[in-house]
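Everything below concerns the one structure shown next.
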Amino acid sequence: MKKFSKILCTFFAILMVVTAACVTANAGSAYQTYVYSVDGKALYSPDAYTAISSIGSDYMGLNVPIENPGDMVTDQAQNVYIADTGNNRIVVLDRYYKVNFTIAEFSNDQGVPDRLTAPQGVFVSEPNEKYGKLIWVCDTGANRIVVFDEFGNFQRIVEEPESTLFEQDSVYKPVAMAVDSYNRLYVVSSTTYQGIIVMTDAGEFTGFIGAQAVSMSMWDIIWRRFQTEDQRKASEQKVSTEFNNITINMNKGLVYVTTSTIDESAVASAITEKDKTGTNSPVKLLNANGSEIMRRNGFWMPAGEVDYSSRSTDEITGVSKIIDAAVGPEDTWSIIDEKRNRIYTYDFDGNLLFAFGDKGTMLGNLGSIEAVAYQGTNMLVLDKTNDNITVFQRTEYGDILLSAIAAESTQDFDLAISLWTDVLKRNSNFDSAYVGIGQAMYRNKDYANSLSYFESAYDTENWSNSYKEIRKEWMSTYFLLLLLIIVGLIVGITLFFKWMAKINRRVATSGKKRTFGQEIAYGFHIIFHPFDGFWDLKHEKRGSVRGAVFFIVLAVATFYYQAIGQGYLLDTEAELASVWSQVLGVLVPLLLFVLANWCLTTLFEGEGSFKDVFVACSYSLLPIPMLVIPATIYSNFCISTETDIIGFISAFAFIWLGMLIFFGTMVTHDYSMGKNVITVLGTIVGMVFIMFVAVLFTTLVSKIVSLITNIVDEIQYRL
């Protein structure tokens with residue numbers, strides 16, 4: 001019996017352990033933490049924050065439950081302040097989430113009983129030289145700001161600011177605010193489109209900052225010329241963007257402002273195009289002058305969800321709707337997406353550190369996210385639907401991540417390398433860790449080793465900075481050798497072209513049959529003297545089909561070398577290239593042009609045959625290898641500021657090619673300039689028509705083959 005009891009107890013103990021493990025696994029699966037790669041793919045990472053508790057009104061000790069909360073902030077003592085909009089009050093909690101007091105009714109500066117009306121925003125300013133700790137309340141329903149001391153005692157009322165800059169019929173609706181160390185007030189009014197309202201602590205209006213730029217179409221610009229002044233103002237209000245929230249980085253005196261009224265298509269376009277200007281960004285960083293100074297050095301503009309299309313569901317579509325921001329430790333900052341109940345956290349440079357959150361009923365999921373705030377090592381998230389606070393505790397991974405950022409800011413680069421390495425051990429998908437190690441090595445002047453880490457994160461800018469130092473050191477060491485190489489190249493190129501010119505002059509008067517080498521050399525005469533060059537190419541037989549084929553092969557080889565031989569800055573992913581793709585890339589457009597041009601000019605008294613057009617166009621390809629090959633070689637030694645030079649050289653090669661083809665067809669067919677322009681345009685149309693017919697014919701043939709195959713299969717089946 002005792003033996004059976006032991007077995008039974010052991011069984012139940014194992015069952016309890018398994019059950020606990022399952023519960024833990026389920027709790028951990030409430031949401032998935034992730035970051036985004038350079039190509040926009042979500043890469044899962046360890047949790048930086050994990051949900052530990054959900055704080056409701058009962059736990060807080062409130063007799064009247066919170067209803068429809070609008071904002072939440074914390075102070076240096078880790079007290080929590082909630083704008084309980086539905087109950088017309090401010091709830092003040094201690095660091096353990098127990099109620100200290102509430103602010104609802106008060107006697108105003110006239111000694112008259114007063115009360116808050118639907119407050120949507122709250123801010124706590126820490127003691128300074130002028131004031132003690134103050135609680136600033138955006139009393140939205142009463143169109144004012146009410147100030148209390150740290151114990152909830154009434155201090156004063158900041159009434160609606162007055163200025164001629166406000167529209168006559170404008171309505172002042174303060175919904176969020178921040179106060180800097182100089183006691184300047186930054187107020188977000190939900191109905192004000194001119195920007196953030198800036199006031200003195202006494203309520204004196206000083207101006208607007210951060211007014212959103214409005215992009216207008218050409219049609220809107222023209223239409224505005226016919227509008228009245230009132231219509232223009234109405235249209236400005238319609239297209240201008242209002243902010244919805246604000247927070248401040250007290251260490252730097254900078255304010256983060258968020259908006260959710262920017263056109264979604266504009267935000268989507270900015271994300272897709274990796275726009276770093278911030279014109280259509282839903283979150284901005286402003287200095288005291290109102291200048292937008294946010295660093296957007298990450299792969300993607302800080303705007304919440306990046307892969308918003310494939311990660312969307314039937315209920316959640318489109319870009320993120322950003323409604324709040326919070327400043328965390330080490331100048332990190334977070335924004336929240338109301339659509340997805342998700343939090344996105346970035347470093348000061350705009351690199352995404354982690355994103356997490358989801359809608360649901362499990363611990364860590366939310367009903368409707370409304371606000372976010374930091375409380376020491378915890379992150380607090382306000383749930384508007386469930387009227388509670390979810391407490392997220394920073395994990396070991398989050399601690400190491402923040403420690404690495406701190407080591408960088410204190411310039412302890414050896415420690416930063418060690419900490420970033422620890423991050424990579426836990427999350428090999430985290431590109432910012434590679435960048436962090438690379439930057440630490442760069443600052444330690446270990447430029448060569450930093451390159452591989454920047455390459456792992458596809459960070460071309462930092463890679464370029466490291467390579468610039470390596471190149472500078474190499475150039476200072478081998479300056480004389482480099483100078484001799486440059487001089488030698490210039491002299492060699494000059495002598496080569498003189499040699500080609502000498503060969504072409506000798507061949508022109510020899511009267512002998514041209515050799516293959518002489519036919520190739522004639523290409524260097526054509527590219528500099530197209531009119532008489534193409535004339536002699538046709539009438540004096542200075543070129544040939546075999547020479548044309550040579551130049552085609554040379555162009556194919558050039559493009560293949562460009563595909564596999566470009567430097568890192570121009571080919572970060574180093575993808576393999578196919579020779580056949582380069583062959584098709586040269587032959588298809590060349591033969592299409594030749595065929596379309598010959599067909600068209602046959603009808604319009606063109607004197608060139610198909611062979612003449614083919615040879616002329618093929619010889620025109622010579623600028624491609626002449627310029628693209630040196631540009632490709634140079635791409636292996638350039639820095640990011642010089643990539644435009646390579647692009648210009650390549651573009652110039654194609655412009656030169658186009659001009660040669662134009663003049664080549666003109667001389668070959670003996671056309672005037674105007675007639676040749678019309679012919680070339682007609683040739684382009686003919687190319688499109690030929691491609692259409694080819695695709696149609698191919699589709700028809702494939703269907704016929706499919707039909708015959710099906711008939712044969714059916715016959716075989718029935719037999």
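To be explicit about the labels: the chains of the structure tokens are called A, B, and onward in the order shown, and within each one the residues are counted from 1, while ligands get numbers from 1 in the order they are shown.
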Problem - Spatial neighbours of Ser456 of chain A, 9 Å, only C-alpha atoms, chain gap at least 4 places, as a ChimeraX atom specification - result: /A:431,434-435,451-452
Excluding Asp114 of chain A and its own-chain neighbours fewer than 2 positions away, which residues fall within 6 Å of it when counting only C-alpha atoms? Please give them as a PDB file with N, CA and C atoms, in the first residue's frame.
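Final output, saved to result32.pdb:
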```pdb
ATOM      1  N   GLU A 105     -12.094  67.312  -7.374  1.00  0.00           N
ATOM      2  CA  GLU A 105     -12.678  68.597  -6.999  1.00  0.00           C
ATOM      3  C   GLU A 105     -11.636  69.458  -6.307  1.00  0.00           C
ATOM      4  N   PHE A 106     -11.761  70.773  -6.449  1.00  0.00           N
ATOM      5  CA  PHE A 106     -10.818  71.716  -5.856  1.00  0.00           C
ATOM      6  C   PHE A 106     -11.472  73.086  -5.815  1.00  0.00           C
ATOM      7  N   SER A 107     -10.896  73.967  -5.050  1.00  0.00           N
ATOM      8  CA  SER A 107     -11.306  75.367  -5.036  1.00  0.00           C
ATOM      9  C   SER A 107     -10.333  76.149  -5.897  1.00  0.00           C
TER      10      SER A 107
END
```
Completion exercise
Using only C-alpha atoms, the residue out of A:Ala557, A:Ile526, A:Val491, A:Val701 with shortest distance to Ser620 of chain A is A:Ile526
Exercise for the section: Within 10 Å of segment 131-146 of chain A, counting only C-alpha atoms, which residues show up once you throw out same-chain ones fewer than 3 positions away? Write them as an MDAnalysis selection string, please. Expected result: chainID A and resid 75 81 83 85 88:90 103 108 115:128 149:161 171:179 183 185 187:190 203
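If you look at atom CA of Tyr193 of chain A and atom CA of Ala211 of chain A, they are 7.3 Å away from each other.
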Practice task
Please identify which residues in segment 566-629 of chain A DSSP calls helix (DSSP H, G or I) from the backbone, and express them as number ranges by chain.
Solution key: A: 568-570, 579-603, 610-619, 623-629
Would you export the selected residues with N, CA and C atoms as a short mmCIF file (atom, residue, chain, number, x, y, z; two decimals), in the first residue's frame, please?
```
data_model
loop_
_atom_site.label_atom_id
_atom_site.label_comp_id
_atom_site.auth_asym_id
_atom_site.auth_seq_id
_atom_site.Cartn_x
_atom_site.Cartn_y
_atom_site.Cartn_z
N TYR A 568 31.42 46.34 -52.18
CA TYR A 568 30.37 46.07 -51.19
C TYR A 568 29.30 47.16 -51.18
N LEU A 569 29.68 48.41 -51.32
CA LEU A 569 28.71 49.49 -51.22
C LEU A 569 27.65 49.43 -52.30
N LEU A 570 27.98 48.85 -53.45
CA LEU A 570 27.03 48.76 -54.55
C LEU A 570 26.40 47.37 -54.67
N VAL A 579 25.33 34.12 -66.40
CA VAL A 579 25.83 34.62 -67.68
C VAL A 579 24.68 34.74 -68.67
N TRP A 580 23.74 33.79 -68.62
CA TRP A 580 22.64 33.80 -69.58
C TRP A 580 21.74 35.01 -69.38
N SER A 581 21.58 35.44 -68.15
CA SER A 581 20.77 36.63 -67.92
C SER A 581 21.42 37.86 -68.54
N GLN A 582 22.74 37.91 -68.51
CA GLN A 582 23.45 39.03 -69.14
C GLN A 582 23.36 38.94 -70.67
N VAL A 583 23.44 37.71 -71.19
CA VAL A 583 23.31 37.53 -72.64
C VAL A 583 21.95 38.01 -73.11
N LEU A 584 20.90 37.60 -72.41
CA LEU A 584 19.57 38.03 -72.78
C LEU A 584 19.40 39.53 -72.59
N GLY A 585 20.03 40.07 -71.53
CA GLY A 585 19.92 41.49 -71.27
C GLY A 585 20.53 42.36 -72.35
N VAL A 586 21.51 41.83 -73.08
CA VAL A 586 22.13 42.58 -74.18
C VAL A 586 21.47 42.25 -75.51
N LEU A 587 21.30 40.96 -75.79
CA LEU A 587 20.82 40.55 -77.12
C LEU A 587 19.36 40.93 -77.37
N VAL A 588 18.49 40.73 -76.37
CA VAL A 588 17.07 40.98 -76.59
C VAL A 588 16.78 42.43 -76.98
N PRO A 589 17.22 43.44 -76.19
CA PRO A 589 16.94 44.82 -76.61
C PRO A 589 17.66 45.21 -77.90
N LEU A 590 18.89 44.67 -78.11
CA LEU A 590 19.64 45.01 -79.32
C LEU A 590 18.93 44.47 -80.56
N LEU A 591 18.57 43.20 -80.55
CA LEU A 591 17.92 42.61 -81.72
C LEU A 591 16.52 43.17 -81.93
N LEU A 592 15.82 43.48 -80.84
CA LEU A 592 14.51 44.10 -80.98
C LEU A 592 14.63 45.46 -81.68
N PHE A 593 15.61 46.25 -81.26
CA PHE A 593 15.79 47.56 -81.88
C PHE A 593 16.17 47.42 -83.35
N VAL A 594 17.11 46.53 -83.63
CA VAL A 594 17.57 46.35 -85.01
C VAL A 594 16.41 45.89 -85.89
N LEU A 595 15.65 44.91 -85.44
CA LEU A 595 14.54 44.39 -86.23
C LEU A 595 13.46 45.45 -86.44
N ALA A 596 13.08 46.14 -85.35
CA ALA A 596 12.04 47.16 -85.48
C ALA A 596 12.50 48.31 -86.37
N ASN A 597 13.76 48.72 -86.24
CA ASN A 597 14.26 49.83 -87.04
C ASN A 597 14.34 49.45 -88.51
N TRP A 598 14.80 48.24 -88.79
CA TRP A 598 14.91 47.81 -90.19
C TRP A 598 13.52 47.69 -90.83
N CYS A 599 12.55 47.11 -90.09
CA CYS A 599 11.19 46.98 -90.63
C CYS A 599 10.58 48.35 -90.92
N LEU A 600 10.80 49.30 -90.02
CA LEU A 600 10.21 50.62 -90.19
C LEU A 600 10.88 51.41 -91.31
N THR A 601 12.23 51.37 -91.35
CA THR A 601 12.95 52.16 -92.35
C THR A 601 12.79 51.58 -93.75
N THR A 602 12.47 50.30 -93.85
CA THR A 602 12.20 49.72 -95.17
C THR A 602 11.00 50.40 -95.81
N LEU A 603 10.04 50.80 -94.97
CA LEU A 603 8.84 51.47 -95.48
C LEU A 603 9.05 52.96 -95.73
N PHE A 610 19.39 45.14 -92.99
CA PHE A 610 19.36 44.59 -91.63
C PHE A 610 20.79 44.42 -91.10
N LYS A 611 21.69 43.96 -91.97
CA LYS A 611 23.08 43.77 -91.58
C LYS A 611 23.72 45.10 -91.22
N ASP A 612 23.46 46.15 -92.00
CA ASP A 612 24.06 47.46 -91.73
C ASP A 612 23.61 48.00 -90.37
N VAL A 613 22.31 47.87 -90.10
CA VAL A 613 21.80 48.36 -88.81
C VAL A 613 22.39 47.55 -87.66
N PHE A 614 22.48 46.23 -87.83
CA PHE A 614 23.03 45.37 -86.79
C PHE A 614 24.47 45.72 -86.49
N VAL A 615 25.28 45.90 -87.53
CA VAL A 615 26.70 46.21 -87.34
C VAL A 615 26.86 47.58 -86.68
N ALA A 616 26.09 48.58 -87.14
CA ALA A 616 26.20 49.92 -86.58
C ALA A 616 25.83 49.93 -85.10
N CYS A 617 24.75 49.26 -84.75
CA CYS A 617 24.31 49.23 -83.35
C CYS A 617 25.30 48.45 -82.48
N SER A 618 25.85 47.39 -83.00
CA SER A 618 26.80 46.57 -82.23
C SER A 618 28.09 47.34 -81.97
N TYR A 619 28.58 48.07 -82.97
CA TYR A 619 29.79 48.87 -82.77
C TYR A 619 29.54 50.00 -81.77
N PRO A 623 31.36 52.05 -75.82
CA PRO A 623 31.48 52.84 -74.58
C PRO A 623 31.13 52.07 -73.32
N ILE A 624 30.33 51.03 -73.44
CA ILE A 624 29.95 50.25 -72.25
C ILE A 624 31.17 49.64 -71.57
N PRO A 625 31.97 48.81 -72.27
CA PRO A 625 33.16 48.28 -71.59
C PRO A 625 34.20 49.35 -71.27
N MET A 626 34.29 50.39 -72.09
CA MET A 626 35.27 51.45 -71.85
C MET A 626 35.05 52.15 -70.52
N LEU A 627 33.79 52.35 -70.14
CA LEU A 627 33.49 53.11 -68.93
C LEU A 627 33.01 52.25 -67.78
N VAL A 628 32.22 51.21 -68.05
CA VAL A 628 31.65 50.40 -66.98
C VAL A 628 32.71 49.56 -66.28
N ILE A 629 33.67 49.02 -67.04
CA ILE A 629 34.72 48.20 -66.41
C ILE A 629 35.57 49.02 -65.44
#
```
Handout entry: Who sits within 10 Å of Asp412 of chain A, only C-alpha atoms, same chain under 5 positions skipped, as a PyMOL selection string
Key = chain A and resi 404+406-407+417+440+443-444
Exercise for the section: If you run DSSP over the backbone, which residues in segment 375-606 of chain A end up strand (DSSP E)? Put them as a ChimeraX atom specification. Expected result: /A:375,378-383,388-394
